[in-house]
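> I am sharing query_6.cif, which consists of mmCIF, C-alpha atoms and all ligand atoms:
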```cif
data_start
loop_
_atom_site.group_PDB
_atom_site.id
_atom_site.type_symbol
_atom_site.label_atom_id
_atom_site.label_comp_id
_atom_site.auth_asym_id
_atom_site.auth_seq_id
_atom_site.Cartn_x
_atom_site.Cartn_y
_atom_site.Cartn_z
ATOM 1 C CA MET A 28 113.019 17.406 79.331
ATOM 2 C CA ILE A 29 114.495 19.207 82.357
ATOM 3 C CA ARG A 30 112.688 18.506 85.647
ATOM 4 C CA LEU A 31 112.883 21.003 88.490
ATOM 5 C CA HIS A 32 111.681 20.813 92.053
ATOM 6 C CA VAL A 33 110.165 24.115 93.207
ATOM 7 C CA PRO A 34 108.440 25.067 96.471
ATOM 8 C CA ASP A 35 105.611 26.949 94.699
ATOM 9 C CA ALA A 36 102.013 25.745 94.389
ATOM 10 C CA LEU A 37 101.473 24.376 90.867
ATOM 11 C CA ALA A 38 98.292 24.977 88.884
ATOM 12 C CA ALA A 39 97.497 26.051 85.315
ATOM 13 C CA GLY A 40 98.494 29.682 84.785
ATOM 14 C CA ALA A 41 100.585 29.988 87.977
ATOM 15 C CA ALA A 42 103.768 32.087 87.792
ATOM 16 C CA VAL A 43 106.934 30.487 89.152
ATOM 17 C CA SER A 44 110.282 32.217 89.727
ATOM 18 C CA PRO A 45 112.958 29.533 90.148
ATOM 19 C CA ALA A 46 115.695 30.050 92.761
ATOM 20 C CA PRO A 47 118.807 31.924 91.469
ATOM 21 C CA GLU A 48 120.895 28.767 91.022
ATOM 22 C CA GLN A 49 118.034 27.027 89.195
ATOM 23 C CA SER A 50 117.638 30.040 86.885
ATOM 24 C CA ARG A 51 121.359 30.018 86.200
ATOM 25 C CA TYR A 52 121.170 26.315 85.386
ATOM 26 C CA LEU A 53 118.224 26.798 83.013
ATOM 27 C CA ILE A 54 119.444 29.885 81.191
ATOM 28 C CA ALA A 55 123.271 29.931 81.419
ATOM 29 C CA VAL A 56 123.995 26.173 81.478
ATOM 30 C CA MET A 57 121.123 24.586 79.554
ATOM 31 C CA ARG A 58 120.649 27.676 77.334
ATOM 32 C CA LEU A 59 116.876 27.662 77.493
ATOM 33 C CA ALA A 60 115.249 30.615 75.751
ATOM 34 C CA ILE A 61 111.857 32.249 76.058
ATOM 35 C CA GLY A 62 109.299 29.668 74.921
ATOM 36 C CA SER A 63 111.336 26.644 76.119
ATOM 37 C CA GLU A 64 109.521 24.089 78.249
ATOM 38 C CA VAL A 65 110.496 22.368 81.495
ATOM 39 C CA LEU A 66 108.716 20.059 83.936
ATOM 40 C CA LEU A 67 108.012 21.209 87.504
ATOM 41 C CA PHE A 68 107.067 19.287 90.655
ATOM 42 C CA ASN A 69 106.737 20.311 94.283
ATOM 43 C CA GLY A 70 105.996 17.059 96.143
ATOM 44 C CA ARG A 71 102.264 17.863 96.451
ATOM 45 C CA ASP A 72 100.639 18.762 93.134
ATOM 46 C CA GLY A 73 102.029 16.195 90.672
ATOM 47 C CA GLU A 74 104.112 17.196 87.645
ATOM 48 C CA TRP A 75 103.397 20.157 85.364
ATOM 49 C CA ARG A 76 104.676 21.515 82.083
ATOM 50 C CA ALA A 77 105.927 25.117 82.322
ATOM 51 C CA THR A 78 107.210 27.620 79.761
ATOM 52 C CA VAL A 79 110.001 30.150 80.139
ATOM 53 C CA VAL A 80 108.301 33.562 79.729
ATOM 54 C CA ASP A 81 111.081 35.873 80.849
ATOM 55 C CA ALA A 82 114.839 35.482 81.208
ATOM 56 C CA ASN A 83 117.445 38.072 82.119
ATOM 57 C CA LYS A 84 120.623 38.391 84.199
ATOM 58 C CA ARG A 85 118.688 38.410 87.453
ATOM 59 C CA GLY A 86 116.768 35.201 86.828
ATOM 60 C CA CYS A 87 113.901 33.761 84.869
ATOM 61 C CA ARG A 88 110.163 33.381 85.168
ATOM 62 C CA LEU A 89 108.010 30.439 84.152
ATOM 63 C CA THR A 90 104.306 30.090 83.521
ATOM 64 C CA VAL A 91 102.716 26.762 84.418
ATOM 65 C CA GLY A 92 100.738 25.038 81.637
ATOM 66 C CA SER A 93 99.053 21.641 81.929
ATOM 67 C CA MET A 94 99.557 18.749 84.325
ATOM 68 C CA THR A 95 101.651 15.907 82.918
ATOM 69 C CA ARG A 96 101.259 13.457 85.855
ATOM 70 C CA PRO A 97 98.987 13.448 88.919
ATOM 71 C CA MET A 98 100.528 13.012 92.383
ATOM 72 C CA VAL A 99 101.387 9.421 93.369
ATOM 73 C CA ASP A 100 103.022 7.770 96.374
ATOM 74 C CA GLY A 101 105.529 4.925 96.367
ATOM 75 C CA PRO A 102 105.790 2.195 99.011
ATOM 76 C CA ASP A 103 105.878 3.294 102.670
ATOM 77 C CA LEU A 104 109.545 2.389 103.085
ATOM 78 C CA GLU A 105 112.051 4.326 105.205
ATOM 79 C CA LEU A 106 115.805 4.017 105.331
ATOM 80 C CA VAL A 107 117.431 4.327 108.751
ATOM 81 C CA VAL A 108 121.146 4.710 108.270
ATOM 82 C CA ALA A 109 124.024 5.260 110.682
ATOM 83 C CA LEU A 110 126.103 8.411 110.179
ATOM 84 C CA VAL A 111 128.835 7.015 107.971
ATOM 85 C CA LYS A 112 131.548 9.111 106.279
ATOM 86 C CA ARG A 113 130.397 11.900 103.999
ATOM 87 C CA GLY A 114 131.191 10.203 100.659
ATOM 88 C CA PRO A 115 129.312 6.946 101.288
ATOM 89 C CA LEU A 116 126.508 8.818 103.096
ATOM 90 C CA GLU A 117 125.917 10.983 100.032
ATOM 91 C CA THR A 118 125.929 7.877 97.818
ATOM 92 C CA ILE A 119 123.400 6.244 100.140
ATOM 93 C CA ILE A 120 121.080 9.278 99.988
ATOM 94 C CA GLU A 121 121.221 9.461 96.195
ATOM 95 C CA LYS A 122 120.648 5.732 95.665
ATOM 96 C CA ALA A 123 117.908 5.467 98.294
ATOM 97 C CA VAL A 124 116.005 8.273 96.536
ATOM 98 C CA GLU A 125 116.384 6.465 93.207
ATOM 99 C CA LEU A 126 115.153 3.260 94.827
ATOM 100 C CA GLY A 127 112.003 4.976 96.049
ATOM 101 C CA VAL A 128 112.302 5.340 99.840
ATOM 102 C CA ARG A 129 109.851 7.759 101.399
ATOM 103 C CA ARG A 130 112.154 9.259 104.037
ATOM 104 C CA ILE A 131 115.654 8.825 105.384
ATOM 105 C CA ARG A 132 116.506 8.920 109.098
ATOM 106 C CA LEU A 133 120.094 9.355 110.223
ATOM 107 C CA VAL A 134 121.123 7.592 113.427
ATOM 108 C CA GLN A 135 124.042 7.673 115.804
ATOM 109 C CA THR A 136 125.042 4.266 117.061
ATOM 110 C CA ARG A 137 127.748 3.279 119.552
ATOM 111 C CA ARG A 138 130.278 2.979 116.758
ATOM 112 C CA THR A 139 129.451 6.053 114.679
ATOM 113 C CA ASN A 140 132.209 8.633 114.795
ATOM 114 C CA ALA A 141 130.231 11.679 113.699
ATOM 115 C CA ASP A 142 127.302 13.245 115.507
ATOM 116 C CA ARG A 143 126.432 15.857 112.913
ATOM 117 C CA ALA A 144 125.510 15.964 109.270
ATOM 118 C CA ASN A 145 124.923 18.821 106.859
ATOM 119 C CA ILE A 146 121.208 18.201 106.404
ATOM 120 C CA GLY A 147 120.862 21.075 103.914
ATOM 121 C CA ARG A 148 123.454 19.530 101.625
ATOM 122 C CA LEU A 149 121.990 16.021 101.981
ATOM 123 C CA GLN A 150 118.506 17.383 101.249
ATOM 124 C CA ALA A 151 119.888 19.098 98.116
ATOM 125 C CA ILE A 152 121.363 15.738 96.999
ATOM 126 C CA ALA A 153 117.962 14.118 97.567
ATOM 127 C CA THR A 154 116.233 16.858 95.545
ATOM 128 C CA GLU A 155 118.653 16.455 92.643
ATOM 129 C CA ALA A 156 118.200 12.674 92.688
ATOM 130 C CA ALA A 157 114.397 13.104 92.691
ATOM 131 C CA GLU A 158 114.614 15.490 89.699
ATOM 132 C CA GLN A 159 116.804 13.013 87.858
ATOM 133 C CA THR A 160 114.832 9.879 88.602
ATOM 134 C CA GLY A 161 111.386 11.188 87.745
ATOM 135 C CA ARG A 162 109.950 11.123 91.255
ATOM 136 C CA LEU A 163 107.110 13.441 92.166
ATOM 137 C CA ASP A 164 108.216 13.829 95.791
ATOM 138 C CA VAL A 165 111.523 14.460 97.546
ATOM 139 C CA PRO A 166 112.210 12.197 100.535
ATOM 140 C CA GLN A 167 112.767 14.114 103.756
ATOM 141 C CA ILE A 168 116.155 13.671 105.447
ATOM 142 C CA ILE A 169 115.667 13.554 109.211
ATOM 143 C CA ALA A 170 118.462 14.876 111.480
ATOM 144 C CA PRO A 171 120.550 12.355 113.456
ATOM 145 C CA GLU A 172 119.053 10.785 116.542
ATOM 146 C CA LYS A 173 120.567 8.183 118.908
ATOM 147 C CA LEU A 174 119.600 4.615 117.942
ATOM 148 C CA ASP A 175 118.380 3.838 121.470
ATOM 149 C CA ARG A 176 116.072 6.863 121.492
ATOM 150 C CA LEU A 177 114.775 6.036 118.025
ATOM 151 C CA LEU A 178 113.927 2.498 119.170
ATOM 152 C CA ASP A 179 112.336 3.792 122.419
ATOM 153 C CA GLY A 180 109.918 5.908 120.355
ATOM 154 C CA TRP A 181 109.363 3.439 117.500
ATOM 155 C CA ILE A 182 105.739 2.981 116.448
ATOM 156 C CA PRO A 183 105.508 -0.820 116.212
ATOM 157 C CA ASP A 184 103.172 -0.792 113.150
ATOM 158 C CA ARG A 185 106.285 -0.189 111.096
ATOM 159 C CA ARG A 186 108.524 -3.216 110.777
ATOM 160 C CA LEU A 187 112.285 -2.773 110.879
ATOM 161 C CA MET A 188 114.494 -4.847 108.599
ATOM 162 C CA PHE A 189 117.707 -4.995 110.619
ATOM 163 C CA CYS A 190 120.678 -5.654 108.330
ATOM 164 C CA ASP A 191 122.663 -7.764 110.771
ATOM 165 C CA GLU A 192 126.212 -8.488 109.677
ATOM 166 C CA ALA A 193 126.923 -10.610 112.768
ATOM 167 C CA GLY A 194 125.834 -13.824 111.004
ATOM 168 C CA GLY A 195 123.012 -16.078 112.071
ATOM 169 C CA ALA A 196 120.146 -14.043 110.585
ATOM 170 C CA PRO A 197 118.190 -15.658 107.729
ATOM 171 C CA PRO A 198 118.771 -14.467 104.154
ATOM 172 C CA ALA A 199 116.829 -11.224 103.582
ATOM 173 C CA LEU A 200 114.651 -12.425 100.694
ATOM 174 C CA ALA A 201 113.446 -15.486 102.618
ATOM 175 C CA ALA A 202 112.801 -13.490 105.807
ATOM 176 C CA LEU A 203 110.810 -10.821 103.948
ATOM 177 C CA THR A 204 108.759 -13.099 101.739
ATOM 178 C CA ALA A 205 107.339 -14.627 104.896
ATOM 179 C CA ALA A 206 106.710 -11.232 106.555
ATOM 180 C CA ASP A 207 103.791 -8.804 106.417
ATOM 181 C CA ARG A 208 103.406 -6.050 103.892
ATOM 182 C CA GLY A 209 102.675 -2.604 105.257
ATOM 183 C CA PRO A 210 105.039 0.109 106.498
ATOM 184 C CA TRP A 211 108.699 -0.878 106.735
ATOM 185 C CA ALA A 212 112.112 0.584 107.473
ATOM 186 C CA VAL A 213 115.560 -0.748 106.592
ATOM 187 C CA LEU A 214 118.367 -0.305 109.156
ATOM 188 C CA ILE A 215 122.024 -0.061 108.068
ATOM 189 C CA GLY A 216 124.873 0.210 110.557
ATOM 190 C CA PRO A 217 128.124 2.218 110.507
ATOM 191 C CA GLU A 218 131.550 1.252 109.103
ATOM 192 C CA GLY A 219 132.422 -0.401 112.417
ATOM 193 C CA GLY A 220 129.176 -2.390 112.477
ATOM 194 C CA PHE A 221 126.707 -2.668 115.353
ATOM 195 C CA ASP A 222 127.929 -3.117 118.903
ATOM 196 C CA PRO A 223 126.934 -6.603 120.229
ATOM 197 C CA ALA A 224 124.598 -4.987 122.789
ATOM 198 C CA GLU A 225 122.817 -3.071 120.026
ATOM 199 C CA GLY A 226 122.416 -6.259 118.018
ATOM 200 C CA GLU A 227 120.989 -8.042 121.034
ATOM 201 C CA ARG A 228 118.466 -5.297 121.750
ATOM 202 C CA LEU A 229 117.387 -5.150 118.104
ATOM 203 C CA ARG A 230 116.927 -8.925 117.778
ATOM 204 C CA ALA A 231 114.682 -8.971 120.851
ATOM 205 C CA LEU A 232 112.274 -6.260 119.651
ATOM 206 C CA PRO A 233 108.934 -7.572 118.308
ATOM 207 C CA PHE A 234 108.874 -5.220 115.301
ATOM 208 C CA VAL A 235 112.401 -6.149 114.140
ATOM 209 C CA THR A 236 113.209 -8.663 111.394
ATOM 210 C CA PRO A 237 116.960 -9.428 111.431
ATOM 211 C CA VAL A 238 118.294 -10.313 107.982
ATOM 212 C CA SER A 239 121.549 -11.299 106.337
ATOM 213 C CA LEU A 240 122.656 -9.809 103.022
ATOM 214 C CA GLY A 241 124.944 -12.744 102.312
ATOM 215 C CA PRO A 242 128.158 -14.330 103.596
ATOM 216 C CA ARG A 243 130.358 -11.301 102.803
ATOM 217 C CA ILE A 244 130.625 -8.049 104.761
ATOM 218 C CA LEU A 245 129.394 -5.207 102.558
ATOM 219 C CA ARG A 246 130.272 -1.567 102.986
ATOM 220 C CA ALA A 247 127.389 0.497 104.277
ATOM 221 C CA ASP A 248 126.621 2.031 100.860
ATOM 222 C CA SER A 249 126.580 -1.360 99.091
ATOM 223 C CA ALA A 250 124.533 -2.818 101.955
ATOM 224 C CA ALA A 251 121.910 -0.043 101.699
ATOM 225 C CA ILE A 252 121.462 -0.500 97.953
ATOM 226 C CA ALA A 253 121.316 -4.301 98.196
ATOM 227 C CA ALA A 254 118.884 -4.203 101.140
ATOM 228 C CA LEU A 255 116.464 -1.805 99.428
ATOM 229 C CA ALA A 256 116.546 -3.832 96.196
ATOM 230 C CA ILE A 257 115.865 -7.070 98.107
ATOM 231 C CA TRP A 258 113.000 -5.412 100.010
ATOM 232 C CA GLN A 259 111.423 -4.434 96.682
ATOM 233 C CA ALA A 260 112.002 -7.897 95.223
ATOM 234 C CA ALA A 261 110.052 -9.387 98.143
ATOM 235 C CA MET A 262 107.389 -6.737 98.728
ATOM 236 C CA GLY A 263 106.994 -5.146 95.296
ATOM 237 C CA ASP A 264 107.458 -1.624 94.032
ATOM 238 C CA TRP A 265 104.446 0.408 93.006
ATOM 239 C CA LEU A 266 102.917 3.868 92.725
ATOM 240 C CA THR A 267 99.423 4.644 94.002
ATOM 241 C CA PRO A 268 97.411 7.864 93.552
ATOM 242 C CA SER A 269 97.799 10.029 96.675
HETATM 243 N N1 LIG A 301 132.859 -3.521 110.295
HETATM 244 C C1 LIG A 301 131.748 -4.379 110.343
HETATM 245 C C2 LIG A 301 130.923 -4.274 109.075
HETATM 246 C C3 LIG A 301 130.031 -3.100 108.984
HETATM 247 S S1 LIG A 301 129.300 -3.015 107.405
HETATM 248 C C4 LIG A 301 132.239 -5.807 110.464
HETATM 249 O O1 LIG A 301 133.331 -6.060 110.007
HETATM 250 O O2 LIG A 301 131.472 -6.632 110.946
HETATM 251 C C5 LIG A 301 128.112 -1.727 107.607
HETATM 252 C C6 LIG A 301 126.679 -2.176 107.741
HETATM 253 O O3 LIG A 301 126.236 -2.769 106.537
HETATM 254 C C7 LIG A 301 126.412 -3.211 108.811
HETATM 255 O O4 LIG A 301 126.254 -2.663 110.087
HETATM 256 C C8 LIG A 301 125.110 -3.848 108.306
HETATM 257 O O5 LIG A 301 123.977 -3.075 108.657
HETATM 258 C C9 LIG A 301 125.301 -3.821 106.811
HETATM 259 N N2 LIG A 301 125.870 -5.080 106.315
HETATM 260 C C10 LIG A 301 127.048 -5.258 105.699
HETATM 261 N N3 LIG A 301 127.228 -6.539 105.318
HETATM 262 C C11 LIG A 301 126.110 -7.202 105.701
HETATM 263 C C12 LIG A 301 125.668 -8.560 105.575
HETATM 264 N N4 LIG A 301 126.408 -9.497 104.988
HETATM 265 N N5 LIG A 301 124.441 -8.881 106.081
HETATM 266 C C13 LIG A 301 123.674 -7.944 106.686
HETATM 267 N N6 LIG A 301 124.030 -6.659 106.831
HETATM 268 C C14 LIG A 301 125.225 -6.278 106.337
#
```
So that I can check it, write out the structure of this file as structure tokens.
Ligand code: SAH

Amino acid sequence: MIRLHVPDALAAGAAVSPAPEQSRYLIAVMRLAIGSEVLLFNGRDGEWRATVVDANKRGCRLTVGSMTRPMVDGPDLELVVALVKRGPLETIIEKAVELGVRRIRLVQTRRTNADRANIGRLQAIATEAAEQTGRLDVPQIIAPEKLDRLLDGWIPDRRLMFCDEAGGAPPALAALTAADRGPWAVLIGPEGGFDPAEGERLRALPFVTPVSLGPRILRADSAAIAALAIWQAAMGDWLTPS
């Protein structure tokens, strides 16, 4: 069944008017008719069944029926990723949403070339991935910040898995199995890697766990997917009622 993310509050009997492009998708592309059912979620109220009650050229209207799933949260895992080129960045967003991260922070490092990202477009990619993958929330994409500033303001309760391509870090699975559960973030560098001074600062921070993803250099998108999968292999992957 089609799943749509909507901003509206969801409760039995509520009326929802999907955005114009969502209406077009439902009626013109998927050919839903009056009486057809879809699933709705908004990141707060769980997942609900809804019925198309009106459809015309200007849009469609839905009426919310019963709840299909109550709200749940996944692990408290963030992805911190350097601003890489648009193609791999979009892949990273989509795959990180599928792999269950709670939010995604973009960072500028000494070797990133870009200082801007189209957050609206990246957020739309995250929303589509959440619809597709059956999540009940959409991870927030946080606008780029300089790595040094991010580390200055880091709340040390959250551990940072630093994917360190420089060699010398222990294999990720071994390093994580020995580490604490609790809030975590995974850090992935840009195409040009981390500057040696950045690596040095990171390795010296008490909340950082440097890890290796193996003896080969991975591209940032492959590294992000591998790192998140290894984190889950070590720490688990679960949903808890919110
Ligand atoms: N150009 C760099 C590689 C950058 S790869 C070089 O040749 O050294 C992009 C990012 O992916 C890295 O900054 C790191 O965070 C991650 N990464 C890639 N391969 C890795 C590995 N084998 N171990 C740990 N992290 C890795």
> Counting all atoms listed in the file, what residues are within 7 Å of ligand LIG 301 (chain A), given as a list of chain:residue names?
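The residues within 7 Å of ligand LIG 301 (chain A), counting all atoms listed in the file, are A:Phe189, A:Cys190, A:Asp191, A:Glu192, A:Ala193, A:Leu214, A:Ile215, A:Gly216, A:Pro217, A:Glu218, A:Gly219, A:Gly220, A:Phe221, A:Val238, A:Ser239, A:Leu240, A:Gly241, A:Pro242, A:Arg243, A:Ile244, A:Leu245, A:Arg246, A:Ala247, A:Ala250.
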> Starting from the displayed file, determine the output of the PyMOL selection byres (((chain A and resi 70) around 12) and not hetatm) and express the residue list as JSON, numbers by chain.
{"A": [31, 32, 33, 34, 35, 36, 37, 67, 68, 69, 71, 72, 73, 74, 75, 96, 97, 98, 99, 100, 129, 154, 157, 158, 161, 162, 163, 164, 165, 166, 167, 269]}
> Go ahead and save the residues from that selection, with C-alpha atoms, as a short mmCIF file (atom, residue, chain, number, x, y, z; two decimals), keeping the file's coordinate frame.

```cif
data_model
loop_
_atom_site.label_atom_id
_atom_site.label_comp_id
_atom_site.auth_asym_id
_atom_site.auth_seq_id
_atom_site.Cartn_x
_atom_site.Cartn_y
_atom_site.Cartn_z
CA LEU A 31 112.88 21.00 88.49
CA HIS A 32 111.68 20.81 92.05
CA VAL A 33 110.16 24.12 93.21
CA PRO A 34 108.44 25.07 96.47
CA ASP A 35 105.61 26.95 94.70
CA ALA A 36 102.01 25.74 94.39
CA LEU A 37 101.47 24.38 90.87
CA LEU A 67 108.01 21.21 87.50
CA PHE A 68 107.07 19.29 90.66
CA ASN A 69 106.74 20.31 94.28
CA ARG A 71 102.26 17.86 96.45
CA ASP A 72 100.64 18.76 93.13
CA GLY A 73 102.03 16.20 90.67
CA GLU A 74 104.11 17.20 87.64
CA TRP A 75 103.40 20.16 85.36
CA ARG A 96 101.26 13.46 85.86
CA PRO A 97 98.99 13.45 88.92
CA MET A 98 100.53 13.01 92.38
CA VAL A 99 101.39 9.42 93.37
CA ASP A 100 103.02 7.77 96.37
CA ARG A 129 109.85 7.76 101.40
CA THR A 154 116.23 16.86 95.54
CA ALA A 157 114.40 13.10 92.69
CA GLU A 158 114.61 15.49 89.70
CA GLY A 161 111.39 11.19 87.74
CA ARG A 162 109.95 11.12 91.26
CA LEU A 163 107.11 13.44 92.17
CA ASP A 164 108.22 13.83 95.79
CA VAL A 165 111.52 14.46 97.55
CA PRO A 166 112.21 12.20 100.54
CA GLN A 167 112.77 14.11 103.76
CA SER A 269 97.80 10.03 96.68
#
```
> Using the chain letters and numbers from this file, what does the PyMOL selection byres (((chain A and resi 143) around 12) and not hetatm) select? Give the answer as a PyMOL selection string.
chain A and resi 109-113+133-135+139-142+144-147+149+169-173
> In Å, with one decimal, what is the gap from CA of Arg30 in chain A to CA of Leu255 in chain A?
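Interatomic distance here is 24.8 Å.
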> Please indicate the distance in Å from CA of Ala38 in chain A to CA of Leu66 in chain A, rounded to one decimal place.
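CA of Ala38 in chain A sits 12.5 Å away from CA of Leu66 in chain A.
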> Just checking: using all atoms listed in the file, which residue out of A:Val107, A:Val79, A:Ala60, A:Val128 ends up closest to Leu266 in chain A?
A:Val128
> CA of Pro233 in chain A and CA of Arg186 in chain A, how far apart in Å?
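Between CA of Arg186 in chain A and CA of Pro233 in chain A the gap works out to 8.7 Å.
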> Please evaluate the PyMOL selection byres (((chain A and resi 43) around 8) and not hetatm) against the structure above and give the resulting residues as an MDAnalysis selection string.
chainID A and resid 35 41:42 44:45 88:91
> Given only C-alpha atoms as the basis, pick out the residue of A:Asn83, A:Ile257, A:Gly92, A:Leu116 nearest to Arg148 in chain A.
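Of the candidates, the smallest distance to Arg148 in chain A is held by A:Leu116.
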> Considering all atoms listed in the file, can you say which of A:Pro183, A:Gly62, A:Pro47, A:Gly195 comes closest to Thr78 in chain A?
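Nearest candidate to Thr78 in chain A out of A:Pro183, A:Gly62, A:Pro47, A:Gly195: A:Gly62.
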> Check the smallest atom-to-atom distance from each of A:Lys84, A:Glu121, A:Asp175, A:Ile131 to Ala156 in chain A using only C-alpha atoms, then report the winner.
A:Glu121
> Choose the residue, out of A:Thr95, A:Gln150, A:Gln259, A:Ser50, that has the smallest atom-to-atom separation from Arg208 in chain A; count all atoms listed in the file.
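Counting all atoms listed in the file, the residue closest to Arg208 in chain A is A:Gln259.
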> Would you list the contacts of Pro237 in chain A as a ChimeraX atom specification, taking every protein, DNA or RNA residue within 12 Å and counting only C-alpha atoms, but skipping same-chain residues closer than 6 positions in sequence?
/A:186-203,206,212-215,226-231,254
